Amino acid sequence: MAKVLIIGAGGVGHVVAHKCAQVPELFDIMIASRTKSKCDKIAEGLPVKVQTAQLDADDTAQTIELIRKFKPELVVNVALPYQDLNIMDACLETGVNYLDTANYEPRDTAKFEYHWQWAYHEKFKEKGLMALLGSGFDPGVTNIFTAYAAKHYLDTLTSIDIVDVNGGDHGQSFATNFNPEINIREVTAQCRHFEDGSFIETAPMSLKRSFSCPDNVGTYNIYRMYHEELESLTKFYPSLKKAQFWMSFSENYLNHLQVLQNVGMTKIDPVMYEGKEIIPLQFLKALLPDPGDLGKTTTGQTCIGVIAKGQKDGEDKSVYIYNICDHLSCFKEVGSQGVSYTTGVPAMIGAMMMLTKKWQGKGVFNMEQMDPDPFMEKLNIHGLPWQVKQDNEIEW
Ligand code: NDP
């Protein structure tokens with residue numbers, strides 16, 4: 001049994017805690033977050049007894065103190081990307097391994113880049129510690145699907161298209177599936193895709209196409225956008241000539257977003273209101289539904305996968321690896337909607353890989369640097385089974 005400190009008690013933290021509690025022989029958890037009552041609420045619903053604590057993870061000294069008190073083997077960071085570096089500093093100071101699901105972002109610019117966290121590689125290496133970055137679904141499972149395709153199906157990987165479809169309906173006029181501030185920063189950012197050796201920037205949502213999901217999930221409009229795993233995958237698979245990320249959005253979501261953007265509600269620079277500085281996007285977050293509460297009303301499925309193309313034995317080959325996840329089944333199992341579930345399960349499995357030493361390393365690592373096989377095996381066991389389609393079975 002290993003002590004694990006989960007930081008963050010939102011939609012994803014809820015699922016990580018529930019999934020860890022389903023493996024009590026491995027995990028002994030503490031949930032810590034800014035608002036302790038949220039940790040206590042999660043703890044009340046778990047089948048095992050867990051500790052909870054109040055923690056402002058922006059404060060490295062406070063985080064160090066809590067780590068020294070609880071003495072975990074691993075910190076699972078499912079707070080917000082803004083806290084990544086502070087929590088990594090606390091792990092270095094206390095000699096504890098680290099895992100997260102989203103790369104560091106500075107508060108004042110919506111930039112999704114790994115260089116801030118990759119810069120910690122030598123420090124983690126020197127201390128003999130491991131930091132695993134992006135162990136959610138996308139990034140996370142999408143990196144592992146790519147690694148699995150490259151390991152088992154292709155001799156050379158030349159292109160990837162990551163397709164994230166959420167065919168769910170939450171019954172609200174407008175809501176986001178994970179933290180609204182982080183979600184809106186992501187979807188309103190400039191699009192970047194990789195082509196012939198460099199990233200090319202285009203306007204947000206400027207390229208759209210239709211995608212028919214397998215297994216009757218439906219046909220959706222998907223939009224090309226930037227997503228952080230493109231950066232690590234193009235680094236670790238230098239044979240890639242093209243790498244794109246696509247996400248589905250409903251007309252309703254895009255219309256609301258357009259209006260909110262037009263009136264300045266998605267801005268992240270401060271404005272003065274009645275003598276006080278406010279950040280419009282943070283104010284908007286306060287008005288929107290809490291993604292953690294959407295589970296009871298969300299129906300439909302998610303379908304997220306990677307279409308990888310390249311050559312095998314001198315012939316062109318395509319492979320599509322995907323997972324379909326049903327929102328209501330997630331709610332029945334752990335009381336959350338599918339987007340929190342598809343992020344929380346891989347975070348638990350990543351932690352399991354580290355604690356059982358199936359994945360080991362000294363330094364900072366992205367998921368695709370690890371052997372995908374044991375992780376893929378656990379996805380099938382812990383609620384995110386995957387399928388593979390090949391060549392002319394794929395419509396792309
Ligand atoms: P939520 O907003 O629901 O939860 C975030 C939690 O972090 C809240 O409990 C919040 O506390 C806590 N928190 C925020 N700031 C601090 C702080 N300074 N110290 C301690 N705790 C803090 O977000 P989600 O659960 O939806 O998302 C969590 C993470 O997962 C995000 O980083 C997101 O980007 C990532 N994610 C990754 C995905 C993937 O597939 N890789 C997909 C979806 C999300 P409080 O309640 O007090 O605000």
# chains A, B, ... in the order shown; residues from 1 in each chain; ligands from 1

call {"tool": "residues_around", "arguments": {"residues": "A:His193", "least_positions_apart": "2", "cutoff": "12 Å", "atoms": "only C-alpha atoms", "output": "ChimeraX atom specification"}}
result
/A:159-162,190-191,195-204,207,223-231,233-234,240-246

call {"tool": "write_last_selection", "arguments": {"atoms": "C-alpha atoms", "output": "JSON list (two decimals), in the first residue's frame"}}
result
[["chain", "number", "residue", "atom", "x", "y", "z"],
["A", 159, "SER", "CA", 0.80, 11.40, -39.36],
["A", 160, "ILE", "CA", -1.60, 11.54, -36.44],
["A", 161, "ASP", "CA", -5.06, 13.03, -36.11],
["A", 162, "ILE", "CA", -6.38, 13.07, -32.56],
["A", 190, "GLN", "CA", -4.93, 30.39, -31.82],
["A", 191, "CYS", "CA", -4.95, 27.02, -33.59],
["A", 195, "GLU", "CA", 3.24, 20.17, -40.78],
["A", 196, "ASP", "CA", 6.60, 19.46, -42.48],
["A", 197, "GLY", "CA", 8.78, 20.20, -39.52],
["A", 198, "SER", "CA", 7.10, 23.19, -37.90],
["A", 199, "PHE", "CA", 3.94, 24.43, -36.23],
["A", 200, "ILE", "CA", 1.59, 26.51, -38.38],
["A", 201, "GLU", "CA", -0.74, 29.00, -36.74],
["A", 202, "THR", "CA", -4.30, 29.61, -37.98],
["A", 203, "ALA", "CA", -7.36, 31.39, -36.55],
["A", 204, "PRO", "CA", -9.29, 29.52, -33.81],
["A", 207, "LEU", "CA", -11.08, 24.52, -40.06],
["A", 223, "TYR", "CA", -12.82, 21.68, -35.42],
["A", 224, "ARG", "CA", -9.05, 21.75, -35.66],
["A", 225, "MET", "CA", -7.42, 23.33, -32.61],
["A", 226, "TYR", "CA", -4.16, 23.29, -30.69],
["A", 227, "HIS", "CA", -3.70, 20.77, -27.92],
["A", 228, "GLU", "CA", -0.62, 20.28, -25.78],
["A", 229, "GLU", "CA", 0.16, 16.65, -26.69],
["A", 230, "LEU", "CA", 1.02, 17.79, -30.24],
["A", 231, "GLU", "CA", 4.17, 19.37, -28.81],
["A", 233, "LEU", "CA", 4.36, 13.76, -29.70],
["A", 234, "THR", "CA", 6.14, 15.66, -32.50],
["A", 240, "LEU", "CA", 5.86, 12.68, -37.94],
["A", 241, "LYS", "CA", 5.20, 14.93, -40.93],
["A", 242, "LYS", "CA", 1.74, 16.05, -39.85],
["A", 243, "ALA", "CA", -0.02, 16.15, -36.47],
["A", 244, "GLN", "CA", -3.45, 17.64, -35.85],
["A", 245, "PHE", "CA", -5.97, 17.74, -33.01],
["A", 246, "TRP", "CA", -9.73, 17.96, -33.57]]

call {"tool": "residues_near_ligand", "arguments": {"ligand": "ligand 1", "cutoff": "8 Å", "atoms": "only C-alpha atoms and all ligand atoms", "output": "ChimeraX atom specification"}}
result
/A:7-14,32-36,38-39,54-59,77-83,100-103,134-141,177-180,182-183,290-292,339-340,342-343

call {"tool": "write_last_selection", "arguments": {"atoms": "N, CA and C atoms", "output": "compact mmCIF listing (two decimals), in the first residue's frame"}}
result
# COMPACT_ATOMS: atom_id res chain seq x y z
N ILE A 7 -4.06 16.40 -5.03
CA ILE A 7 -4.32 17.84 -4.84
C ILE A 7 -5.35 18.28 -5.88
N GLY A 8 -6.48 18.85 -5.38
CA GLY A 8 -7.57 19.27 -6.27
C GLY A 8 -8.80 18.42 -5.98
N ALA A 9 -9.92 19.08 -5.71
CA ALA A 9 -11.14 18.35 -5.37
C ALA A 9 -12.28 18.79 -6.27
N GLY A 10 -11.97 18.96 -7.56
CA GLY A 10 -13.00 19.33 -8.53
C GLY A 10 -13.53 18.08 -9.21
N GLY A 11 -14.03 18.26 -10.44
CA GLY A 11 -14.61 17.14 -11.19
C GLY A 11 -13.61 16.00 -11.35
N VAL A 12 -12.38 16.31 -11.71
CA VAL A 12 -11.38 15.27 -11.95
C VAL A 12 -10.90 14.66 -10.62
N GLY A 13 -10.65 15.50 -9.63
CA GLY A 13 -10.21 15.00 -8.31
C GLY A 13 -11.21 14.00 -7.74
N HIS A 14 -12.50 14.28 -7.93
CA HIS A 14 -13.56 13.39 -7.46
C HIS A 14 -13.38 11.98 -8.06
N ALA A 32 -6.41 16.85 -0.80
CA ALA A 32 -6.17 18.21 -0.29
C ALA A 32 -6.56 19.20 -1.37
N SER A 33 -7.22 20.29 -0.97
CA SER A 33 -7.58 21.30 -1.96
C SER A 33 -7.81 22.63 -1.26
N ARG A 34 -8.03 23.66 -2.08
CA ARG A 34 -8.20 25.00 -1.54
C ARG A 34 -9.41 25.08 -0.61
N THR A 35 -10.51 24.41 -1.02
CA THR A 35 -11.72 24.42 -0.20
C THR A 35 -11.86 23.03 0.44
N LYS A 36 -11.61 22.96 1.76
CA LYS A 36 -11.56 21.63 2.41
C LYS A 36 -12.92 20.93 2.36
N LYS A 38 -14.95 20.63 0.05
CA LYS A 38 -15.10 19.83 -1.17
C LYS A 38 -14.36 18.50 -1.04
N CYS A 39 -13.23 18.52 -0.34
CA CYS A 39 -12.48 17.26 -0.11
C CYS A 39 -13.32 16.36 0.80
N GLN A 54 -6.89 21.12 4.02
CA GLN A 54 -6.99 22.39 3.30
C GLN A 54 -5.60 22.71 2.78
N LEU A 55 -5.50 23.13 1.51
CA LEU A 55 -4.19 23.47 0.96
C LEU A 55 -4.33 24.51 -0.14
N ASP A 56 -3.55 25.57 -0.03
CA ASP A 56 -3.42 26.49 -1.17
C ASP A 56 -2.11 26.12 -1.85
N ALA A 57 -2.22 25.42 -2.97
CA ALA A 57 -1.01 24.90 -3.64
C ALA A 57 -0.25 25.99 -4.40
N ASP A 58 -0.79 27.22 -4.43
CA ASP A 58 0.01 28.33 -4.96
C ASP A 58 1.14 28.66 -3.99
N ASP A 59 0.98 28.21 -2.75
CA ASP A 59 1.94 28.48 -1.70
C ASP A 59 2.84 27.23 -1.53
N ASN A 77 -1.40 15.71 -9.04
CA ASN A 77 -1.87 17.09 -9.12
C ASN A 77 -3.04 17.20 -10.09
N VAL A 78 -4.27 17.31 -9.55
CA VAL A 78 -5.43 17.56 -10.39
C VAL A 78 -6.11 18.87 -9.95
N ALA A 79 -5.26 19.82 -9.52
CA ALA A 79 -5.74 21.19 -9.28
C ALA A 79 -5.72 21.87 -10.66
N LEU A 80 -5.26 23.08 -10.77
CA LEU A 80 -5.28 23.75 -12.07
C LEU A 80 -3.86 23.85 -12.62
N PRO A 81 -3.70 24.03 -13.94
CA PRO A 81 -2.35 24.10 -14.52
C PRO A 81 -1.47 25.18 -13.89
N TYR A 82 -2.09 26.24 -13.34
CA TYR A 82 -1.30 27.32 -12.72
C TYR A 82 -0.44 26.82 -11.56
N GLN A 83 -0.86 25.73 -10.91
CA GLN A 83 -0.15 25.25 -9.72
C GLN A 83 0.99 24.27 -10.05
N ASP A 100 0.74 14.81 -13.17
CA ASP A 100 -0.37 15.75 -13.43
C ASP A 100 -1.13 15.37 -14.68
N THR A 101 -2.14 16.18 -15.03
CA THR A 101 -2.95 15.88 -16.22
C THR A 101 -2.98 17.03 -17.23
N ALA A 102 -2.33 18.15 -16.90
CA ALA A 102 -2.38 19.30 -17.82
C ALA A 102 -1.11 20.11 -17.65
N ASN A 103 -0.56 20.62 -18.77
CA ASN A 103 0.73 21.30 -18.64
C ASN A 103 0.60 22.71 -18.06
N GLY A 134 0.89 14.96 -17.88
CA GLY A 134 -0.26 14.77 -18.77
C GLY A 134 -0.88 13.40 -18.74
N SER A 135 -1.13 12.85 -17.55
CA SER A 135 -1.74 11.52 -17.47
C SER A 135 -3.27 11.61 -17.32
N GLY A 136 -3.88 12.30 -18.30
CA GLY A 136 -5.35 12.35 -18.36
C GLY A 136 -5.78 11.59 -19.61
N PHE A 137 -6.84 12.06 -20.31
CA PHE A 137 -7.17 11.38 -21.57
C PHE A 137 -6.49 12.07 -22.73
N ASP A 138 -6.75 13.40 -22.87
CA ASP A 138 -6.02 14.11 -23.92
C ASP A 138 -5.53 15.43 -23.36
N PRO A 139 -4.25 15.52 -22.96
CA PRO A 139 -3.19 14.54 -23.15
C PRO A 139 -3.32 13.36 -22.18
N GLY A 140 -2.64 12.29 -22.54
CA GLY A 140 -2.57 11.13 -21.67
C GLY A 140 -2.79 9.88 -22.49
N VAL A 141 -4.07 9.44 -22.51
CA VAL A 141 -4.38 8.22 -23.25
C VAL A 141 -4.08 8.43 -24.74
N ASN A 177 -17.22 21.16 -19.92
CA ASN A 177 -17.11 19.83 -19.30
C ASN A 177 -16.01 19.74 -18.27
N PHE A 178 -15.08 20.67 -18.30
CA PHE A 178 -14.10 20.75 -17.22
C PHE A 178 -13.92 22.22 -16.89
N ASN A 179 -13.06 22.50 -15.95
CA ASN A 179 -12.90 23.86 -15.44
C ASN A 179 -13.15 24.92 -16.52
N PRO A 180 -14.20 25.76 -16.39
CA PRO A 180 -14.59 26.69 -17.46
C PRO A 180 -13.47 27.64 -17.88
N ILE A 182 -10.14 27.20 -17.73
CA ILE A 182 -9.11 26.50 -18.51
C ILE A 182 -9.67 26.10 -19.87
N ASN A 183 -10.92 25.62 -19.88
CA ASN A 183 -11.55 25.17 -21.12
C ASN A 183 -11.68 26.32 -22.12
N ASP A 290 -21.02 24.32 -12.43
CA ASP A 290 -19.82 23.60 -12.02
C ASP A 290 -19.78 22.28 -12.79
N PRO A 291 -18.71 22.04 -13.59
CA PRO A 291 -18.65 20.81 -14.38
C PRO A 291 -18.82 19.55 -13.52
N GLY A 292 -18.39 19.64 -12.28
CA GLY A 292 -18.53 18.51 -11.36
C GLY A 292 -19.98 18.17 -11.05
N VAL A 339 -16.46 13.35 -18.99
CA VAL A 339 -15.18 14.06 -19.24
C VAL A 339 -14.30 14.01 -17.99
N SER A 340 -14.92 14.20 -16.81
CA SER A 340 -14.14 14.04 -15.57
C SER A 340 -13.65 12.59 -15.45
N THR A 342 -13.11 10.29 -17.90
CA THR A 342 -12.04 9.90 -18.85
C THR A 342 -10.71 10.56 -18.48
N THR A 343 -10.73 11.60 -17.65
CA THR A 343 -9.48 12.21 -17.19
C THR A 343 -8.99 11.54 -15.90

call {"tool": "closest_residue", "arguments": {"among": "A:Arg185, A:Lys276, A:His121, A:His115", "to": "A:Ser232", "atoms": "only C-alpha atoms"}}
result
A:His115

call {"tool": "closest_residue", "arguments": {"among": "A:Pro238, A:Gly45, A:Gly295, A:Gly363", "to": "A:Ser329", "atoms": "only C-alpha atoms"}}
result
A:Gly295

call {"tool": "closest_residue", "arguments": {"among": "A:Ser37, A:Ser210, A:Asn380, A:Asn97", "to": "A:Phe249", "atoms": "only C-alpha atoms"}}
result
A:Ser210

call {"tool": "select_by_dssp", "arguments": {"residues": "stretch 219-330 of chain A", "states": "strand (DSSP E or B)", "output": "number ranges by chain"}}
result
A: 219-225, 242-248, 271-273, 276-278, 299, 301-312, 315-326

call {"tool": "residues_around", "arguments": {"residues": "stretch 252-264 of chain A", "least_positions_apart": "4", "cutoff": "10 Å", "atoms": "only C-alpha atoms", "output": "PyMOL selection string"}}
result
chain A and resi 173-176+184+187-188+205+268+280-281+284

call {"tool": "write_last_selection", "arguments": {"atoms": "N, CA and C atoms", "output": "PDB file, in the first residue's frame"}}
result
ATOM      1  N   SER A 173     -28.028  25.458 -20.959  1.00  0.00           N
ATOM      2  CA  SER A 173     -27.894  26.336 -22.129  1.00  0.00           C
ATOM      3  C   SER A 173     -26.426  26.422 -22.543  1.00  0.00           C
ATOM      4  N   PHE A 174     -25.544  26.609 -21.562  1.00  0.00           N
ATOM      5  CA  PHE A 174     -24.119  26.686 -21.867  1.00  0.00           C
ATOM      6  C   PHE A 174     -23.343  26.218 -20.641  1.00  0.00           C
ATOM      7  N   ALA A 175     -22.458  25.282 -20.858  1.00  0.00           N
ATOM      8  CA  ALA A 175     -21.599  24.799 -19.761  1.00  0.00           C
ATOM      9  C   ALA A 175     -20.362  24.184 -20.381  1.00  0.00           C
ATOM     10  N   THR A 176     -19.297  24.091 -19.607  1.00  0.00           N
ATOM     11  CA  THR A 176     -18.087  23.428 -20.096  1.00  0.00           C
ATOM     12  C   THR A 176     -17.926  22.123 -19.320  1.00  0.00           C
ATOM     13  N   ILE A 184     -12.149  27.476 -21.673  1.00  0.00           N
ATOM     14  CA  ILE A 184     -12.370  28.598 -22.607  1.00  0.00           C
ATOM     15  C   ILE A 184     -11.041  29.184 -23.065  1.00  0.00           C
ATOM     16  N   VAL A 187     -10.009  26.746 -25.921  1.00  0.00           N
ATOM     17  CA  VAL A 187     -10.723  26.747 -27.210  1.00  0.00           C
ATOM     18  C   VAL A 187     -10.667  28.096 -27.928  1.00  0.00           C
ATOM     19  N   THR A 188     -10.353  29.165 -27.203  1.00  0.00           N
ATOM     20  CA  THR A 188     -10.271  30.471 -27.873  1.00  0.00           C
ATOM     21  C   THR A 188      -8.830  30.806 -28.302  1.00  0.00           C
ATOM     22  N   MET A 205     -10.801  27.789 -34.593  1.00  0.00           N
ATOM     23  CA  MET A 205     -12.016  27.192 -35.183  1.00  0.00           C
ATOM     24  C   MET A 205     -12.149  27.469 -36.685  1.00  0.00           C
ATOM     25  N   ILE A 268      -8.706  37.607 -20.490  1.00  0.00           N
ATOM     26  CA  ILE A 268      -7.984  37.222 -19.270  1.00  0.00           C
ATOM     27  C   ILE A 268      -7.145  38.374 -18.719  1.00  0.00           C
ATOM     28  N   PRO A 280     -12.491  39.201 -16.555  1.00  0.00           N
ATOM     29  CA  PRO A 280     -13.809  38.800 -17.070  1.00  0.00           C
ATOM     30  C   PRO A 280     -14.004  37.277 -17.116  1.00  0.00           C
ATOM     31  N   LEU A 281     -12.986  36.524 -17.565  1.00  0.00           N
ATOM     32  CA  LEU A 281     -13.166  35.070 -17.678  1.00  0.00           C
ATOM     33  C   LEU A 281     -13.369  34.422 -16.304  1.00  0.00           C
ATOM     34  N   LEU A 284     -16.898  35.092 -15.367  1.00  0.00           N
ATOM     35  CA  LEU A 284     -17.788  34.203 -16.129  1.00  0.00           C
ATOM     36  C   LEU A 284     -17.809  32.808 -15.498  1.00  0.00           C
TER      37      LEU A 284
END

call {"tool": "residues_around", "arguments": {"residues": "A:His18", "least_positions_apart": "2", "cutoff": "9 Å", "atoms": "only C-alpha atoms", "output": "PyMOL selection string"}}
result
chain A and resi 13-16+20-22+42-43+45-47+334+344

call {"tool": "select_by_dssp", "arguments": {"residues": "stretch 100-321 of chain A", "states": "helix (DSSP H, G or I)", "output": "PyMOL selection string"}}
result
chain A and resi 115-118+121-126+141-152+180-188+229-236+251-262+280-287+291-293+295-297

call {"tool": "residues_around", "arguments": {"residues": "A:Ile304", "least_positions_apart": "2", "cutoff": "12 Å", "atoms": "only C-alpha atoms", "output": "CSV table (one decimal) with N, CA and C atoms, in the first residue's frame"}}
result
chain,number,residue,atom,x,y,z
A,137,PHE,N,-6.8,12.1,-20.3
A,137,PHE,CA,-7.2,11.4,-21.6
A,137,PHE,C,-6.5,12.1,-22.7
A,138,ASP,N,-6.7,13.4,-22.9
A,138,ASP,CA,-6.0,14.1,-23.9
A,138,ASP,C,-5.5,15.4,-23.4
A,139,PRO,N,-4.3,15.5,-23.0
A,139,PRO,CA,-3.2,14.5,-23.1
A,139,PRO,C,-3.3,13.4,-22.2
A,140,GLY,N,-2.6,12.3,-22.5
A,140,GLY,CA,-2.6,11.1,-21.7
A,140,GLY,C,-2.8,9.9,-22.5
A,141,VAL,N,-4.1,9.4,-22.5
A,141,VAL,CA,-4.4,8.2,-23.3
A,141,VAL,C,-4.1,8.4,-24.7
A,142,THR,N,-4.3,9.6,-25.3
A,142,THR,CA,-4.0,9.9,-26.7
A,142,THR,C,-2.5,9.7,-27.0
A,143,ASN,N,-1.6,10.1,-26.0
A,143,ASN,CA,-0.2,9.8,-26.2
A,143,ASN,C,0.1,8.3,-26.2
A,145,PHE,N,-2.1,5.9,-26.9
A,145,PHE,CA,-2.7,5.3,-28.1
A,145,PHE,C,-1.7,5.4,-29.3
A,161,ASP,N,-3.9,12.1,-36.3
A,161,ASP,CA,-5.1,13.0,-36.1
A,161,ASP,C,-5.7,12.6,-34.8
A,162,ILE,N,-5.7,13.4,-33.8
A,162,ILE,CA,-6.4,13.1,-32.6
A,162,ILE,C,-7.8,13.7,-32.6
A,163,VAL,N,-8.8,12.8,-32.4
A,163,VAL,CA,-10.2,13.3,-32.6
A,163,VAL,C,-10.9,13.1,-31.3
A,164,ASP,N,-11.4,14.2,-30.7
A,164,ASP,CA,-12.0,14.2,-29.4
A,164,ASP,C,-13.5,14.6,-29.6
A,165,VAL,N,-14.4,13.6,-29.6
A,165,VAL,CA,-15.8,13.9,-29.8
A,165,VAL,C,-16.5,13.7,-28.4
A,166,ASN,N,-17.2,14.8,-28.0
A,166,ASN,CA,-18.1,14.6,-26.9
A,166,ASN,C,-19.6,14.7,-27.4
A,167,GLY,N,-20.2,13.6,-27.5
A,167,GLY,CA,-21.6,13.5,-28.0
A,167,GLY,C,-22.6,13.6,-26.9
A,211,PHE,N,-17.2,14.2,-38.8
A,211,PHE,CA,-16.6,12.9,-38.4
A,211,PHE,C,-17.6,11.9,-37.9
A,212,SER,N,-17.7,10.8,-38.5
A,212,SER,CA,-18.6,9.7,-38.1
A,212,SER,C,-17.9,8.8,-37.1
A,213,CYS,N,-18.4,8.8,-35.9
A,213,CYS,CA,-17.8,8.0,-34.9
A,213,CYS,C,-18.2,6.5,-35.1
A,214,PRO,N,-17.3,5.6,-34.7
A,214,PRO,CA,-17.7,4.2,-34.9
A,214,PRO,C,-18.8,3.8,-33.8
A,217,VAL,N,-22.1,6.0,-32.4
A,217,VAL,CA,-22.0,7.2,-31.5
A,217,VAL,C,-22.6,8.4,-32.2
A,222,ILE,N,-16.3,18.5,-36.3
A,222,ILE,CA,-15.1,18.6,-35.5
A,222,ILE,C,-14.3,19.8,-36.0
A,245,PHE,N,-5.0,18.1,-34.1
A,245,PHE,CA,-6.0,17.7,-33.0
A,245,PHE,C,-7.3,18.3,-33.4
A,246,TRP,N,-8.4,17.5,-33.2
A,246,TRP,CA,-9.7,18.0,-33.6
A,246,TRP,C,-10.7,17.7,-32.4
A,247,MET,N,-11.6,18.7,-32.2
A,247,MET,CA,-12.6,18.5,-31.1
A,247,MET,C,-14.0,18.8,-31.6
A,248,SER,N,-15.0,18.1,-31.1
A,248,SER,CA,-16.4,18.4,-31.6
A,248,SER,C,-16.9,19.5,-30.7
A,301,GLN,N,-22.5,9.9,-25.2
A,301,GLN,CA,-21.2,9.3,-25.1
A,301,GLN,C,-20.0,10.2,-25.6
A,302,THR,N,-18.8,9.9,-25.1
A,302,THR,CA,-17.6,10.5,-25.7
A,302,THR,C,-17.0,9.4,-26.6
A,306,VAL,N,-7.1,8.2,-31.7
A,306,VAL,CA,-6.0,8.6,-32.5
A,306,VAL,C,-6.0,7.8,-33.8
A,307,ILE,N,-6.0,8.6,-34.9
A,307,ILE,CA,-5.8,8.0,-36.3
A,307,ILE,C,-4.4,8.1,-36.6
A,320,TYR,N,-6.7,3.2,-36.2
A,320,TYR,CA,-7.5,4.1,-35.4
A,320,TYR,C,-7.7,3.4,-34.1
A,321,ILE,N,-7.2,3.9,-33.0
A,321,ILE,CA,-7.4,3.4,-31.6
A,321,ILE,C,-8.3,4.3,-30.9
A,322,TYR,N,-9.4,3.8,-30.3
A,322,TYR,CA,-10.3,4.8,-29.7
A,322,TYR,C,-11.0,4.1,-28.4
A,323,ASN,N,-11.6,5.0,-27.6
A,323,ASN,CA,-12.4,4.6,-26.5
A,323,ASN,C,-13.8,5.3,-26.6
A,324,ILE,N,-14.8,4.6,-26.3
A,324,ILE,CA,-16.1,5.2,-26.2
A,324,ILE,C,-16.6,5.1,-24.7
A,325,CYS,N,-17.0,6.2,-24.2
A,325,CYS,CA,-17.4,6.2,-22.8
A,325,CYS,C,-18.8,6.8,-22.6
A,326,ASP,N,-19.6,6.2,-21.9
A,326,ASP,CA,-21.0,6.6,-21.7
A,326,ASP,C,-21.2,7.4,-20.4
A,338,GLY,N,-18.8,12.0,-18.0
A,338,GLY,CA,-17.7,11.3,-18.7
A,338,GLY,C,-16.4,12.0,-18.9
A,339,VAL,N,-16.5,13.3,-19.0
A,339,VAL,CA,-15.2,14.1,-19.2
A,339,VAL,C,-14.3,14.0,-18.0
A,342,THR,N,-13.1,10.3,-17.9
A,342,THR,CA,-12.0,9.9,-18.8
A,342,THR,C,-10.7,10.6,-18.5
A,343,THR,N,-10.7,11.6,-17.7
A,343,THR,CA,-9.5,12.2,-17.2
A,343,THR,C,-9.0,11.5,-15.9
A,384,LEU,N,-12.1,2.1,-19.1
A,384,LEU,CA,-12.0,2.8,-20.4
A,384,LEU,C,-11.5,1.8,-21.5
A,385,PRO,N,-12.3,0.8,-21.8
A,385,PRO,CA,-11.9,-0.2,-22.8
A,385,PRO,C,-11.7,0.5,-24.2
A,386,TRP,N,-10.8,0.0,-25.0
A,386,TRP,CA,-10.4,0.6,-26.2
A,386,TRP,C,-10.6,-0.5,-27.4
A,387,GLN,N,-10.7,0.1,-28.6
A,387,GLN,CA,-10.9,-0.8,-29.8
A,387,GLN,C,-9.9,-0.3,-30.8

call {"tool": "closest_residue", "arguments": {"among": "A:Lys317, A:Lys309, A:Lys235, A:Lys296", "to": "A:Lys332", "atoms": "only C-alpha atoms"}}
result
A:Lys296

call {"tool": "decode", "arguments": {"residues": "stretch 239-254 of chain A", "atoms": "C-alpha atoms", "output": "mmCIF file, in the first residue's frame"}}
result
data_model
loop_
_atom_site.group_PDB
_atom_site.id
_atom_site.type_symbol
_atom_site.label_atom_id
_atom_site.label_comp_id
_atom_site.auth_asym_id
_atom_site.auth_seq_id
_atom_site.Cartn_x
_atom_site.Cartn_y
_atom_site.Cartn_z
ATOM 1 C CA SER A 239 9.213 10.829 -38.213
ATOM 2 C CA LEU A 240 5.861 12.683 -37.940
ATOM 3 C CA LYS A 241 5.203 14.930 -40.926
ATOM 4 C CA LYS A 242 1.740 16.048 -39.845
ATOM 5 C CA ALA A 243 -0.019 16.150 -36.469
ATOM 6 C CA GLN A 244 -3.448 17.638 -35.850
ATOM 7 C CA PHE A 245 -5.975 17.737 -33.008
ATOM 8 C CA TRP A 246 -9.734 17.961 -33.574
ATOM 9 C CA MET A 247 -12.574 18.506 -31.117
ATOM 10 C CA SER A 248 -16.359 18.418 -31.571
ATOM 11 C CA PHE A 249 -18.447 21.443 -30.626
ATOM 12 C CA SER A 250 -22.176 21.935 -31.021
ATOM 13 C CA GLU A 251 -23.565 24.971 -32.848
ATOM 14 C CA ASN A 252 -25.117 26.011 -29.538
ATOM 15 C CA TYR A 253 -21.750 25.978 -27.705
ATOM 16 C CA LEU A 254 -20.047 27.933 -30.488
#
